[in-house]
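Next up, query.cif (mmCIF, C-alpha atoms and all ligand atoms):
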data_work
#
loop_
_atom_site.label_atom_id
_atom_site.label_comp_id
_atom_site.auth_asym_id
_atom_site.auth_seq_id
_atom_site.Cartn_x
_atom_site.Cartn_y
_atom_site.Cartn_z
CA MET Q 1 -25.30 45.05 -52.68
CA GLU Q 2 -28.31 46.75 -51.07
CA ALA Q 3 -28.73 50.51 -50.64
CA THR Q 4 -26.02 52.38 -48.78
CA HIS Q 5 -26.76 53.61 -45.27
CA ASP Q 6 -25.02 56.17 -43.09
CA VAL Q 7 -24.76 53.76 -40.17
CA ILE Q 8 -25.37 50.05 -39.69
CA VAL Q 9 -25.95 48.92 -36.11
CA ALA Q 10 -25.34 45.23 -35.33
CA GLY Q 11 -27.53 44.08 -32.43
CA GLY Q 12 -30.96 45.10 -31.15
CA GLY Q 13 -30.62 45.01 -27.35
CA VAL Q 14 -30.95 48.18 -25.27
CA ILE Q 15 -27.56 49.38 -26.49
CA GLY Q 16 -28.08 48.90 -30.24
CA ALA Q 17 -31.67 50.15 -30.10
CA ALA Q 18 -30.76 53.28 -28.10
CA VAL Q 19 -27.90 54.02 -30.51
CA ALA Q 20 -30.11 53.52 -33.61
CA TRP Q 21 -32.88 55.68 -32.14
CA ARG Q 22 -30.64 58.59 -31.21
CA LEU Q 23 -28.67 58.50 -34.48
CA GLY Q 24 -31.90 58.32 -36.49
CA GLU Q 25 -33.26 61.31 -34.60
CA GLN Q 26 -30.18 63.25 -35.69
CA GLY Q 27 -30.97 62.55 -39.33
CA GLU Q 28 -28.56 59.66 -39.92
CA ARG Q 29 -29.91 56.93 -42.22
CA VAL Q 30 -29.62 53.91 -39.94
CA LEU Q 31 -30.08 50.20 -40.59
CA LEU Q 32 -30.25 48.04 -37.45
CA LEU Q 33 -29.61 44.32 -37.99
CA GLU Q 34 -30.82 41.95 -35.27
CA ARG Q 35 -30.02 38.23 -35.47
CA GLU Q 36 -33.22 37.17 -33.69
CA GLN Q 37 -35.84 39.54 -32.29
CA MET Q 38 -35.31 42.99 -30.84
CA GLY Q 39 -34.70 43.19 -27.10
CA GLN Q 40 -34.64 39.49 -26.27
CA GLY Q 41 -31.00 39.13 -25.16
CA ALA Q 42 -29.44 40.19 -21.86
CA SER Q 43 -31.59 43.30 -21.93
CA ALA Q 44 -34.77 41.30 -21.38
CA ALA Q 45 -33.14 39.24 -18.62
CA ALA Q 46 -31.88 42.11 -16.46
CA ALA Q 47 -33.17 43.10 -13.04
CA GLY Q 48 -33.34 46.72 -14.18
CA MET Q 49 -31.41 48.33 -11.33
CA LEU Q 50 -29.86 51.73 -11.99
CA GLY Q 51 -27.16 50.87 -9.48
CA ALA Q 52 -24.70 53.69 -10.10
CA GLN Q 53 -23.74 53.83 -6.41
CA HIS Q 54 -24.68 50.32 -5.34
CA GLU Q 55 -22.66 48.53 -8.03
CA THR Q 56 -19.51 50.68 -8.02
CA GLU Q 57 -16.80 50.25 -5.41
CA GLU Q 58 -14.73 53.41 -5.86
CA PRO Q 59 -14.83 56.89 -7.35
CA GLY Q 60 -13.45 57.38 -10.85
CA ASP Q 61 -14.42 57.57 -14.50
CA PHE Q 62 -16.71 54.56 -14.39
CA PHE Q 63 -18.60 55.90 -11.38
CA GLN Q 64 -18.99 59.26 -13.10
CA LEU Q 65 -20.31 57.58 -16.24
CA CYS Q 66 -22.86 55.60 -14.22
CA VAL Q 67 -24.09 58.64 -12.30
CA GLN Q 68 -24.31 60.65 -15.52
CA SER Q 69 -26.41 57.96 -17.20
CA ARG Q 70 -28.67 57.49 -14.17
CA ALA Q 71 -29.50 61.20 -14.28
CA MET Q 72 -30.74 60.76 -17.87
CA PHE Q 73 -33.55 58.37 -16.87
CA PRO Q 74 -36.39 60.73 -15.89
CA SER Q 75 -36.31 62.41 -19.31
CA LEU Q 76 -35.66 59.08 -21.07
CA ALA Q 77 -38.72 57.52 -19.43
CA ALA Q 78 -40.88 60.51 -20.38
CA GLU Q 79 -39.63 60.52 -23.98
CA LEU Q 80 -40.15 56.78 -24.39
CA MET Q 81 -43.67 57.10 -23.02
CA GLU Q 82 -44.42 59.93 -25.43
CA GLN Q 83 -42.84 58.32 -28.50
CA THR Q 84 -43.78 54.66 -27.93
CA GLY Q 85 -46.55 54.56 -25.32
CA VAL Q 86 -44.46 52.15 -23.22
CA ASP Q 87 -44.01 52.86 -19.50
CA ILE Q 88 -40.56 51.61 -18.45
CA GLU Q 89 -41.70 51.75 -14.80
CA LEU Q 90 -39.02 54.07 -13.43
CA SER Q 91 -39.33 53.56 -9.67
CA THR Q 92 -39.19 56.25 -7.00
CA GLN Q 93 -37.67 54.00 -4.33
CA GLY Q 94 -33.92 53.67 -3.90
CA THR Q 95 -31.59 50.94 -2.68
CA LEU Q 96 -30.66 49.72 0.78
CA ARG Q 97 -27.23 48.09 0.98
CA ILE Q 98 -27.59 46.16 4.19
CA ALA Q 99 -24.84 45.24 6.66
CA ARG Q 100 -24.97 41.82 8.30
CA GLY Q 101 -21.55 41.92 10.03
CA GLU Q 102 -19.04 44.46 11.34
CA GLU Q 103 -16.96 44.23 8.15
CA ASP Q 104 -20.01 45.22 6.11
CA VAL Q 105 -20.61 48.20 8.41
CA GLU Q 106 -17.08 49.50 7.84
CA ARG Q 107 -17.15 48.88 4.10
CA LEU Q 108 -20.55 50.47 3.58
CA ARG Q 109 -19.85 53.47 5.82
CA ALA Q 110 -16.65 54.07 3.83
CA ALA Q 111 -18.62 53.80 0.58
CA GLY Q 112 -21.11 56.34 1.91
CA GLU Q 113 -18.28 58.75 2.70
CA TRP Q 114 -16.67 58.78 -0.74
CA GLN Q 115 -20.05 58.87 -2.45
CA ARG Q 116 -21.15 61.91 -0.43
CA ALA Q 117 -17.79 63.53 -1.21
CA THR Q 118 -18.65 63.20 -4.93
CA GLY Q 119 -21.96 65.02 -4.32
CA ASN Q 120 -24.20 61.94 -4.24
CA ARG Q 121 -26.79 61.07 -1.63
CA ALA Q 122 -25.84 58.19 0.70
CA VAL Q 123 -27.33 58.00 4.19
CA TRP Q 124 -26.31 55.60 6.94
CA LEU Q 125 -29.35 54.07 8.70
CA GLY Q 126 -29.13 52.27 12.06
CA PRO Q 127 -30.66 48.80 12.59
CA ASP Q 128 -33.95 50.21 13.96
CA GLU Q 129 -34.34 52.62 11.09
CA VAL Q 130 -33.78 49.77 8.62
CA ALA Q 131 -36.34 47.59 10.40
CA ALA Q 132 -38.88 50.42 10.42
CA ARG Q 133 -38.34 51.04 6.72
CA GLU Q 134 -38.38 47.38 5.64
CA PRO Q 135 -40.11 45.14 8.23
CA ALA Q 136 -39.74 42.05 5.99
CA LEU Q 137 -35.96 41.99 6.54
CA ALA Q 138 -34.04 39.90 9.07
CA PRO Q 139 -32.22 42.03 11.68
CA THR Q 140 -29.31 44.00 10.19
CA ARG Q 141 -26.34 45.93 11.53
CA GLY Q 142 -27.59 48.94 9.62
CA ALA Q 143 -27.66 49.87 5.95
CA LEU Q 144 -26.45 52.43 3.46
CA TRP Q 145 -29.51 54.11 1.94
CA LEU Q 146 -29.05 55.23 -1.66
CA PRO Q 147 -32.23 57.12 -2.56
CA ASP Q 148 -31.17 57.76 -6.18
CA ASP Q 149 -30.31 54.15 -7.13
CA VAL Q 150 -33.79 53.41 -8.46
CA HIS Q 151 -34.82 50.85 -11.09
CA VAL Q 152 -36.82 50.25 -14.27
CA ARG Q 153 -38.53 47.20 -15.75
CA ALA Q 154 -35.78 46.01 -18.10
CA PRO Q 155 -37.90 44.05 -20.63
CA ARG Q 156 -40.16 47.08 -20.98
CA MET Q 157 -37.19 49.34 -21.54
CA ALA Q 158 -35.92 46.94 -24.22
CA GLN Q 159 -39.38 46.96 -25.85
CA ALA Q 160 -39.69 50.76 -25.66
CA LEU Q 161 -36.24 51.32 -27.16
CA ALA Q 162 -37.01 48.81 -29.93
CA ARG Q 163 -40.15 50.78 -30.81
CA ALA Q 164 -38.25 54.07 -30.67
CA ALA Q 165 -35.57 52.61 -32.96
CA ARG Q 166 -38.24 51.51 -35.44
CA ARG Q 167 -39.59 55.05 -35.60
CA HIS Q 168 -36.22 56.49 -36.63
CA ALA Q 169 -34.31 53.65 -38.29
CA ARG Q 170 -34.85 50.69 -40.58
CA VAL Q 171 -34.88 47.55 -38.42
CA ALA Q 172 -34.29 44.07 -39.87
CA GLU Q 173 -34.94 41.17 -37.51
CA GLY Q 174 -33.79 37.62 -38.21
CA GLU Q 175 -30.69 38.91 -40.03
CA ALA Q 176 -27.35 38.21 -38.35
CA VAL Q 177 -24.16 40.11 -39.12
CA LEU Q 178 -21.53 37.53 -40.02
CA ALA Q 179 -18.56 39.66 -41.01
CA TYR Q 180 -17.47 43.09 -42.22
CA ARG Q 181 -14.65 44.66 -44.19
CA VAL Q 182 -13.43 48.25 -44.09
CA THR Q 183 -12.76 49.45 -47.60
CA GLY Q 184 -12.48 52.87 -49.24
CA GLY Q 185 -13.65 54.73 -46.12
CA ALA Q 186 -16.82 52.63 -45.85
CA VAL Q 187 -17.81 49.32 -44.29
CA GLU Q 188 -19.12 46.33 -46.24
CA VAL Q 189 -21.22 44.07 -44.07
CA THR Q 190 -22.03 40.45 -44.86
CA THR Q 191 -25.13 39.01 -43.22
CA THR Q 192 -27.14 35.80 -43.30
CA ARG Q 193 -29.30 37.46 -45.97
CA GLY Q 194 -26.78 39.30 -48.13
CA HIS Q 195 -24.60 42.38 -48.10
CA HIS Q 196 -24.95 46.00 -46.97
CA ARG Q 197 -22.69 49.02 -47.20
CA ALA Q 198 -22.49 51.98 -44.81
CA SER Q 199 -20.19 54.81 -43.86
CA ARG Q 200 -20.04 53.39 -40.36
CA LEU Q 201 -20.75 50.20 -38.45
CA VAL Q 202 -21.64 50.12 -34.74
CA LEU Q 203 -20.91 46.78 -33.05
CA ALA Q 204 -23.56 46.35 -30.34
CA ALA Q 205 -24.16 42.61 -30.31
CA GLY Q 206 -23.76 42.22 -26.54
CA ALA Q 207 -22.02 39.04 -25.38
CA TRP Q 208 -21.88 37.88 -29.04
CA THR Q 209 -19.95 40.91 -30.34
CA GLY Q 210 -16.76 38.86 -30.54
CA THR Q 211 -18.36 36.36 -32.92
CA ILE Q 212 -18.58 38.97 -35.70
CA ALA Q 213 -15.48 38.67 -37.87
CA GLY Q 214 -13.96 41.88 -39.19
CA ASP Q 215 -10.98 44.12 -39.73
CA ALA Q 216 -11.07 45.83 -36.32
CA ALA Q 217 -9.52 43.81 -33.50
CA PRO Q 218 -11.50 44.22 -30.26
CA PRO Q 219 -9.58 46.40 -27.79
CA GLU Q 220 -10.56 43.76 -25.22
CA ALA Q 221 -12.26 40.40 -25.69
CA VAL Q 222 -16.01 40.42 -25.01
CA GLY Q 223 -17.63 37.25 -23.68
CA PRO Q 224 -20.62 36.05 -21.65
CA VAL Q 225 -20.99 36.08 -17.87
CA LYS Q 226 -24.15 34.09 -17.32
CA GLY Q 227 -26.60 35.29 -14.68
CA GLN Q 228 -29.63 33.48 -13.31
CA LEU Q 229 -32.55 35.15 -11.56
CA LEU Q 230 -36.02 34.30 -10.33
CA CYS Q 231 -39.22 36.16 -9.65
CA LEU Q 232 -41.19 35.78 -6.39
CA ARG Q 233 -44.78 36.78 -5.75
CA PRO Q 234 -45.22 37.43 -2.01
CA ASP Q 235 -48.23 35.74 -0.41
CA GLY Q 236 -49.54 38.93 1.21
CA ALA Q 237 -49.06 42.64 0.82
CA PRO Q 238 -46.00 43.82 -1.14
CA ALA Q 239 -43.02 42.62 0.86
CA LEU Q 240 -40.51 45.39 0.11
CA ARG Q 241 -40.48 49.05 -0.89
CA SER Q 242 -36.78 49.48 -1.65
CA THR Q 243 -34.29 47.44 -3.60
CA VAL Q 244 -32.31 45.50 -1.01
CA ALA Q 245 -28.74 44.36 -1.64
CA GLY Q 246 -26.86 42.23 0.82
CA GLY Q 247 -24.33 39.45 0.69
CA ALA Q 248 -24.65 37.46 -2.51
CA VAL Q 249 -28.13 38.60 -3.46
CA TYR Q 250 -30.28 41.55 -4.45
CA LEU Q 251 -34.06 41.85 -4.19
CA VAL Q 252 -35.84 44.26 -6.54
CA PRO Q 253 -39.54 44.95 -5.83
CA LYS Q 254 -41.48 45.69 -9.01
CA THR Q 255 -44.64 47.77 -9.37
CA ASP Q 256 -46.83 44.64 -9.76
CA GLY Q 257 -45.82 43.47 -6.26
CA THR Q 258 -43.36 40.80 -7.44
CA VAL Q 259 -39.74 40.70 -6.30
CA ILE Q 260 -36.86 39.87 -8.64
CA VAL Q 261 -34.10 37.92 -6.91
CA GLY Q 262 -30.67 37.98 -8.53
CA ALA Q 263 -28.23 37.02 -9.62
CA THR Q 264 -25.50 34.48 -10.19
CA GLN Q 265 -22.27 35.35 -11.99
CA GLU Q 266 -21.06 32.34 -13.96
CA PRO Q 267 -18.30 33.17 -16.43
CA GLU Q 268 -17.47 29.45 -16.75
CA ALA Q 269 -20.97 28.59 -18.05
CA GLY Q 270 -20.41 30.09 -21.51
CA PHE Q 271 -23.69 30.40 -23.41
CA ALA Q 272 -25.47 27.50 -21.62
CA PRO Q 273 -28.98 28.90 -20.98
CA GLN Q 274 -30.21 26.31 -18.46
CA VAL Q 275 -31.66 27.39 -15.12
CA THR Q 276 -29.93 25.15 -12.59
CA ALA Q 277 -31.02 23.72 -9.24
CA ARG Q 278 -27.74 24.88 -7.68
CA ALA Q 279 -28.31 28.50 -8.69
CA MET Q 280 -31.94 28.48 -7.58
CA GLY Q 281 -30.93 26.97 -4.23
CA GLN Q 282 -28.24 29.62 -3.72
CA LEU Q 283 -30.49 32.52 -4.67
CA LEU Q 284 -33.47 31.37 -2.62
CA GLY Q 285 -31.29 30.56 0.40
CA ALA Q 286 -29.65 33.99 0.28
CA ALA Q 287 -32.98 35.75 -0.33
CA LEU Q 288 -34.70 34.14 2.65
CA ASP Q 289 -31.67 34.82 4.81
CA VAL Q 290 -32.06 38.53 4.01
CA ALA Q 291 -35.90 38.63 3.96
CA PRO Q 292 -37.43 35.65 5.85
CA ALA Q 293 -40.90 37.12 5.26
CA LEU Q 294 -40.61 35.95 1.65
CA ALA Q 295 -40.72 32.27 2.69
CA GLY Q 296 -44.40 31.91 1.70
CA ALA Q 297 -43.92 33.59 -1.68
CA THR Q 298 -44.65 31.76 -4.94
CA VAL Q 299 -41.83 31.23 -7.40
CA GLU Q 300 -43.34 32.66 -10.60
CA ARG Q 301 -40.49 32.30 -13.04
CA ALA Q 302 -36.76 31.72 -13.33
CA TRP Q 303 -34.51 32.62 -16.24
CA SER Q 304 -30.96 33.35 -17.32
CA GLY Q 305 -29.10 35.88 -19.44
CA PHE Q 306 -25.60 36.63 -20.67
CA ARG Q 307 -23.85 39.80 -19.57
CA PRO Q 308 -21.44 41.16 -22.20
CA THR Q 309 -18.20 41.31 -20.27
CA THR Q 310 -14.58 42.35 -20.91
CA PRO Q 311 -11.60 41.28 -18.77
CA SER Q 312 -11.48 44.79 -17.23
CA LYS Q 313 -15.28 44.64 -16.66
CA LEU Q 314 -15.48 48.03 -18.42
CA PRO Q 315 -17.54 48.86 -21.48
CA ILE Q 316 -15.87 49.68 -24.80
CA ILE Q 317 -17.58 52.71 -26.35
CA GLY Q 318 -16.39 54.69 -29.35
CA PRO Q 319 -14.53 54.53 -32.67
CA ASP Q 320 -11.97 51.80 -33.21
CA ALA Q 321 -8.40 53.13 -32.95
CA GLU Q 322 -7.26 51.72 -36.30
CA HIS Q 323 -10.55 51.72 -38.25
CA PRO Q 324 -12.65 54.69 -37.07
CA GLU Q 325 -15.45 53.65 -39.46
CA VAL Q 326 -16.14 50.88 -36.93
CA LEU Q 327 -17.50 51.88 -33.52
CA TRP Q 328 -17.68 49.65 -30.44
CA ALA Q 329 -20.68 49.82 -28.09
CA THR Q 330 -20.38 46.72 -25.98
CA GLY Q 331 -19.00 45.16 -22.78
CA HIS Q 332 -21.56 46.75 -20.45
CA HIS Q 333 -21.39 43.75 -18.10
CA ARG Q 334 -23.69 44.33 -15.08
CA ASN Q 335 -24.78 47.83 -16.05
CA GLY Q 336 -26.06 47.91 -19.62
CA ILE Q 337 -29.56 48.99 -18.65
CA LEU Q 338 -28.14 51.83 -16.58
CA LEU Q 339 -25.61 52.80 -19.25
CA ALA Q 340 -27.81 52.62 -22.37
CA PRO Q 341 -28.69 56.35 -22.52
CA VAL Q 342 -25.15 57.62 -22.03
CA THR Q 343 -23.78 55.02 -24.48
CA ALA Q 344 -26.13 56.28 -27.17
CA ALA Q 345 -25.03 59.85 -26.44
CA MET Q 346 -21.36 58.81 -26.70
CA ILE Q 347 -21.83 57.11 -30.06
CA VAL Q 348 -23.82 60.05 -31.44
CA ALA Q 349 -21.12 62.47 -30.24
CA ALA Q 350 -18.37 60.35 -31.81
CA ILE Q 351 -20.13 60.15 -35.17
CA ARG Q 352 -21.04 63.82 -35.25
CA GLY Q 353 -17.61 64.93 -34.04
CA GLU Q 354 -18.91 66.73 -30.95
CA GLU Q 355 -16.82 67.76 -27.98
CA VAL Q 356 -17.18 65.29 -25.10
CA PRO Q 357 -16.60 65.18 -21.32
CA SER Q 358 -13.09 64.07 -20.36
CA HIS Q 359 -14.22 61.02 -18.35
CA TRP Q 360 -15.58 59.39 -21.53
CA ALA Q 361 -12.00 58.88 -22.79
CA ALA Q 362 -11.52 55.96 -20.38
CA PHE Q 363 -14.00 53.88 -22.38
CA ALA Q 364 -12.72 54.74 -25.85
CA PRO Q 365 -11.02 51.85 -27.64
CA ALA Q 366 -8.10 54.15 -28.43
CA GLY Q 367 -7.39 55.56 -25.00
CA ARG Q 368 -8.07 52.50 -22.91
CA ARG Q 369 -6.36 52.78 -19.55
CA GLU Q 370 -5.04 50.01 -17.33
CA GLY Q 371 -6.94 48.88 -14.23
CA THR Q 372 -10.55 48.36 -13.35
CA LEU Q 373 -11.52 52.01 -12.74
CA GLY Q 374 -13.90 51.13 -9.98
CA ARG Q 375 -15.53 47.92 -11.24
CA ALA Q 376 -16.56 45.29 -8.69
P1 LIG N 401 -28.13 42.29 -25.46
O1 LIG N 401 -29.33 42.78 -24.77
O2 LIG N 401 -27.69 40.89 -25.19
O3 LIG N 401 -28.38 42.50 -27.00
C1 LIG N 401 -27.48 42.03 -27.97
C2 LIG N 401 -28.31 41.70 -29.20
O4 LIG N 401 -27.43 41.41 -30.28
C3 LIG N 401 -29.20 40.47 -29.01
O5 LIG N 401 -30.53 40.84 -29.33
C4 LIG N 401 -28.64 39.46 -29.99
O6 LIG N 401 -29.64 38.62 -30.56
C5 LIG N 401 -28.02 40.36 -31.04
N1 LIG N 401 -26.96 39.73 -31.81
C6 LIG N 401 -26.02 38.86 -31.39
N2 LIG N 401 -25.21 38.52 -32.40
C7 LIG N 401 -25.64 39.19 -33.48
C8 LIG N 401 -25.19 39.27 -34.83
N3 LIG N 401 -24.14 38.56 -35.26
N4 LIG N 401 -25.88 40.06 -35.70
C9 LIG N 401 -26.96 40.77 -35.28
N5 LIG N 401 -27.43 40.73 -34.02
C10 LIG N 401 -26.75 39.97 -33.12
N6 LIG N 401 -27.80 45.90 -16.13
C11 LIG N 401 -28.24 46.93 -15.39
O7 LIG N 401 -27.93 48.08 -15.71
N7 LIG N 401 -28.99 46.73 -14.28
C12 LIG N 401 -29.34 45.49 -13.85
O8 LIG N 401 -30.03 45.34 -12.84
C13 LIG N 401 -28.88 44.38 -14.59
N8 LIG N 401 -29.18 43.13 -14.18
C14 LIG N 401 -28.75 42.07 -14.91
C15 LIG N 401 -29.05 40.78 -14.48
C16 LIG N 401 -28.65 39.69 -15.23
C17 LIG N 401 -28.94 38.30 -14.75
C18 LIG N 401 -27.97 39.90 -16.46
C19 LIG N 401 -27.59 38.74 -17.32
C20 LIG N 401 -27.64 41.17 -16.88
C21 LIG N 401 -28.00 42.26 -16.09
N9 LIG N 401 -27.65 43.56 -16.45
C22 LIG N 401 -28.10 44.63 -15.74
C23 LIG N 401 -26.74 43.82 -17.58
C24 LIG N 401 -27.51 44.18 -18.84
O9 LIG N 401 -28.56 43.27 -19.03
C25 LIG N 401 -26.57 44.17 -20.04
O10 LIG N 401 -25.37 44.86 -19.79
C26 LIG N 401 -27.26 44.82 -21.25
O11 LIG N 401 -28.54 44.28 -21.44
C27 LIG N 401 -26.44 44.64 -22.51
O12 LIG N 401 -27.19 45.12 -23.58
P2 LIG N 401 -26.76 44.81 -25.07
O13 LIG N 401 -27.72 45.50 -25.95
O14 LIG N 401 -25.30 45.10 -25.22
O15 LIG N 401 -26.86 43.22 -25.17
N1 LIG N 402 -26.55 44.43 -12.26
C1 LIG N 402 -27.06 43.22 -11.73
C2 LIG N 402 -26.53 42.02 -12.37
O1 LIG N 402 -25.83 42.10 -13.35
O2 LIG N 402 -26.79 40.96 -11.86
#

Written as structure tokens, how would this file's structure read?
Amino acid sequence: MEATHDVIVAGGGVIGAAVAWRLGEQGERVLLLEREQMGQGASAAAAGMLGAQHETEEPGDFFQLCVQSRAMFPSLAAELMEQTGVDIELSTQGTLRIARGEEDVERLRAAGEWQRATGNRAVWLGPDEVAAREPALAPTRGALWLPDDVHVRAPRMAQALARAARRHARVAEGEAVLAYRVTGGAVEVTTTRGHHRASRLVLAAGAWTGTIAGDAAPPEAVGPVKGQLLCLRPDGAPALRSTVAGGAVYLVPKTDGTVIVGATQEPEAGFAPQVTARAMGQLLGAALDVAPALAGATVERAWSGFRPTTPSKLPIIGPDAEHPEVLWATGHHRNGILLAPVTAAMIVAAIRGEEVPSHWAAFAPAGRREGTLGRA
């Protein structure tokens, strides 16, 4: 048995790395175990949208959690720059949810109303205003403008958090957690390299969390929802300023002038990593329908990733109900980049016994409520 740690974190994506960093900063002796390399899972595949308003369909605890985490990004970006020298490329441009038909107009206007009622900015733009703002787009019936739904460069955020974790925790790459046992108020962890013991174990292995065998039964199953994306380089000046979401596609313009086009949702694909012709056809067709000016763009790259998803589509964050030595930090589905900072804060608060906001209870394994709480 190796040395005892305060906390072992299983998984080195944005969630595990953020948790290890923040716990280490608080003086906890943390060991992070990553099966492969830090930050190469879903976190490196993501489009990087901080879509608190764009990707939530109704008010509620989940919406509040997303908005709370989005507000943490300016200071997170500054801290990561200072501690790691990595710029996560936090954008200043928001998101346009465009309407192509009358149904979209009604739906998006209604979304704008409840979002304004919760104190968030959501502005309805008419077709001419949309065209003036984004000339590359096909004609629309208007759009909901969400100035605060900005984005980051997800692989850079994964890299920055990995570096931050290394500064404050011991990180072991190429060591997979196979199983764990709760015994005598501590957790014994078996890995591909041996055994470790800690007061607590945080399960943050993304879509693979369910493959780790242990005493705590997951409050909900966690499995993969495959997503495929591609990256376009426009043939002229940068094609878009804002993130544009419409129909079955989103377009995210990055600071280097490229545009990320995403994404499929393929729960039936399991962990098959292939980039398929069908998905590329769907994404490109939908992208050019929304922004015909991208027709001359070069396809630079295409890739896939696996969202960690629960049946309720809600994350599971906090101590296990039966074995509080084990904490869950998984199931972030489409929003793990957005939710990484608040997840780390929730795990730190749970371990240090701090008082927490009431809306966090909805994501605790113990107090899990029925329903989807606003997930699309
Ligand atoms: P991961 O990043 O997958 O990390 C899990 C880590 O655990 C991996 O490194 C893996 O190797 C490791 N691991 C697995 N098993 C073990 C084990 N047994 N022992 C040790 N380590 C193990 N979110 C947003 O907020 N905005 C977006 O725009 C966005 N776009 C997305 C687009 C796509 C196509 C996809 C697929 C996802 C997108 N997401 C987005 C969701 C986001 O990527 C995820 O929710 C988030 O990255 C999950 O982070 P994680 O750390 O839990 O998982
Ligand atoms: N949040 C974007 C995606 O998961 O595709």

**Request:** Could you report the residues within 7 Å of ligand LIG 401 (chain N), using all atoms listed in the file, as a PyMOL selection string?
**Result:** chain Q and resi 10-16+33-51+175-178+204-209+211-212+226-229+262-264+304-308+330-339

**Given all atoms listed in the file as the counted atoms, nearest of Q:Cys66, Q:Ala217, Q:Gly101, Q:Ala198 to ligand LIG 402 (chain N)** =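 Looking at the shortest contact to ligand LIG 402 (chain N), the residue is Q:Cys66.
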
**Message:** What does the structure give for the distance between CA of Pro234 in chain Q and CA of Ala136 in chain Q, in Å to one decimal?
**Reply:**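 Straight-line distance from CA of Pro234 in chain Q to CA of Ala136 in chain Q works out to 10.7 Å.
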
**Request:** Have a look at Q:Ile88, Q:Val123, Q:Leu76, Q:Ala154 and name the one nearest to ligand LIG 402 (chain N); count all atoms listed in the file.
**Result:**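 Residue with the minimum atom-to-atom distance to ligand LIG 402 (chain N): Q:Ala154.
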
Nearby residues (all atoms listed in the file) at most 10 Å from Gly247 in chain Q, same-chain spacing under 6 positions excluded, as a CSV table (one decimal) with C-alpha atoms, in the coordinates of the input:
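Just written: result-v6.csv:
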chain,number,residue,atom,x,y,z
Q,97,ARG,CA,-27.2,48.1,1.0
Q,98,ILE,CA,-27.6,46.2,4.2
Q,99,ALA,CA,-24.8,45.2,6.7
Q,100,ARG,CA,-25.0,41.8,8.3
Q,104,ASP,CA,-20.0,45.2,6.1
Q,286,ALA,CA,-29.6,34.0,0.3
Q,287,ALA,CA,-33.0,35.8,-0.3
Q,289,ASP,CA,-31.7,34.8,4.8
Q,290,VAL,CA,-32.1,38.5,4.0

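A straight line drawn from CA of Leu201 in chain Q to atom C2 of ligand LIG 402 (chain N) is 27.9 Å long.
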
With 6 Å of padding per side, what axis-aligned box (centre and edge lengths, Å, one decimal) covers all the listed atoms of range 163-167 of chain Q? Give it as AutoDock Vina command-line options.
--center_x -37.9 --center_y 52.9 --center_z -33.1 --size_x 16.6 --size_y 16.3 --size_z 16.9

**Prompt:** Which of these, Q:Leu23, Q:Ala279, Q:Leu240, Q:Glu134, has the shortest distance to Ala302 in chain Q once you count only C-alpha atoms?
**Reply:**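 The answer is Q:Ala279, which sits nearest to Ala302 in chain Q.
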
**Prompt:** If you count all atoms listed in the file, which residues fall within 9 Å of Leu146 in chain Q, apart from same-chain ones fewer than 6 positions away, as a PyMOL selection string?
**Reply:** chain Q and resi 53-54+94-97+112+120-123

With C-alpha atoms kept, could you save the residues just selected as a PDB file, in the coordinates of the input?
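Below is the file that was written, result-v8.pdb:
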ATOM      1  CA  GLN Q  53     -23.740  53.830  -6.410  1.00  0.00           C
ATOM      2  CA  HIS Q  54     -24.680  50.320  -5.340  1.00  0.00           C
ATOM      3  CA  GLY Q  94     -33.920  53.670  -3.900  1.00  0.00           C
ATOM      4  CA  THR Q  95     -31.590  50.940  -2.680  1.00  0.00           C
ATOM      5  CA  LEU Q  96     -30.660  49.720   0.780  1.00  0.00           C
ATOM      6  CA  ARG Q  97     -27.230  48.090   0.980  1.00  0.00           C
ATOM      7  CA  GLY Q 112     -21.110  56.340   1.910  1.00  0.00           C
ATOM      8  CA  ASN Q 120     -24.200  61.940  -4.240  1.00  0.00           C
ATOM      9  CA  ARG Q 121     -26.790  61.070  -1.630  1.00  0.00           C
ATOM     10  CA  ALA Q 122     -25.840  58.190   0.700  1.00  0.00           C
ATOM     11  CA  VAL Q 123     -27.330  58.000   4.190  1.00  0.00           C
TER      12      VAL Q 123
END

**Message:** So the first atom is CA of Thr192 in chain Q and the second is CA of Gly174 in chain Q; what is the distance between them in Å, to one decimal place?
**Reply:**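 Calculated distance between CA of Thr192 in chain Q and CA of Gly174 in chain Q is 8.6 Å.
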
**Message:** Using all atoms listed in the file, can you tell me which of Q:Leu203, Q:Leu161, Q:Ile347, Q:Val342 comes closest to Pro218 in chain Q?
**Reply:** Q:Leu203

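The shell of residues at most 6 Å from Val67 in chain Q, with all atoms listed in the file counted and near chain neighbours (fewer than 3 positions) removed, consists of Ala52, Gln64 and Arg70 of chain Q.
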
**Message:** Which polymer residues, whether protein, DNA or RNA, lie within 10 Å of the coordinate (-35.9, 59.5, -14.6) when you count all atoms listed in the file? List them as a VMD selection string, using the chain letters and numbers from the file.
**Reply:** chain Q and resid 69 to 78 88 to 92 148 150 to 152

**Item:** Who sits within 9 Å of range 294-300 of chain Q, all atoms listed in the file, same chain under 5 positions skipped, as a VMD selection string
**Value:** chain Q and resid 136 230 to 236 239 258 287 to 288

**Message:** I'd like to know which of Q:Ala361, Q:Arg200, Q:Val86, Q:Glu55 is closest to ligand LIG 402 (chain N), using all atoms listed in the file.
**Reply:**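 Using all atoms listed in the file, ligand LIG 402 (chain N) sits closest to Q:Glu55.
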
With C-alpha atoms retained, output range 77-81 of chain Q as a compact mmCIF listing (two decimals), in the first residue's frame.
# COMPACT_ATOMS: atom_id res chain seq x y z
CA ALA Q 77 -9.43 32.69 -16.84
CA ALA Q 78 -7.30 35.29 -15.05
CA GLU Q 79 -6.20 32.82 -12.36
CA LEU Q 80 -5.32 30.13 -14.90
CA MET Q 81 -3.30 32.65 -16.90
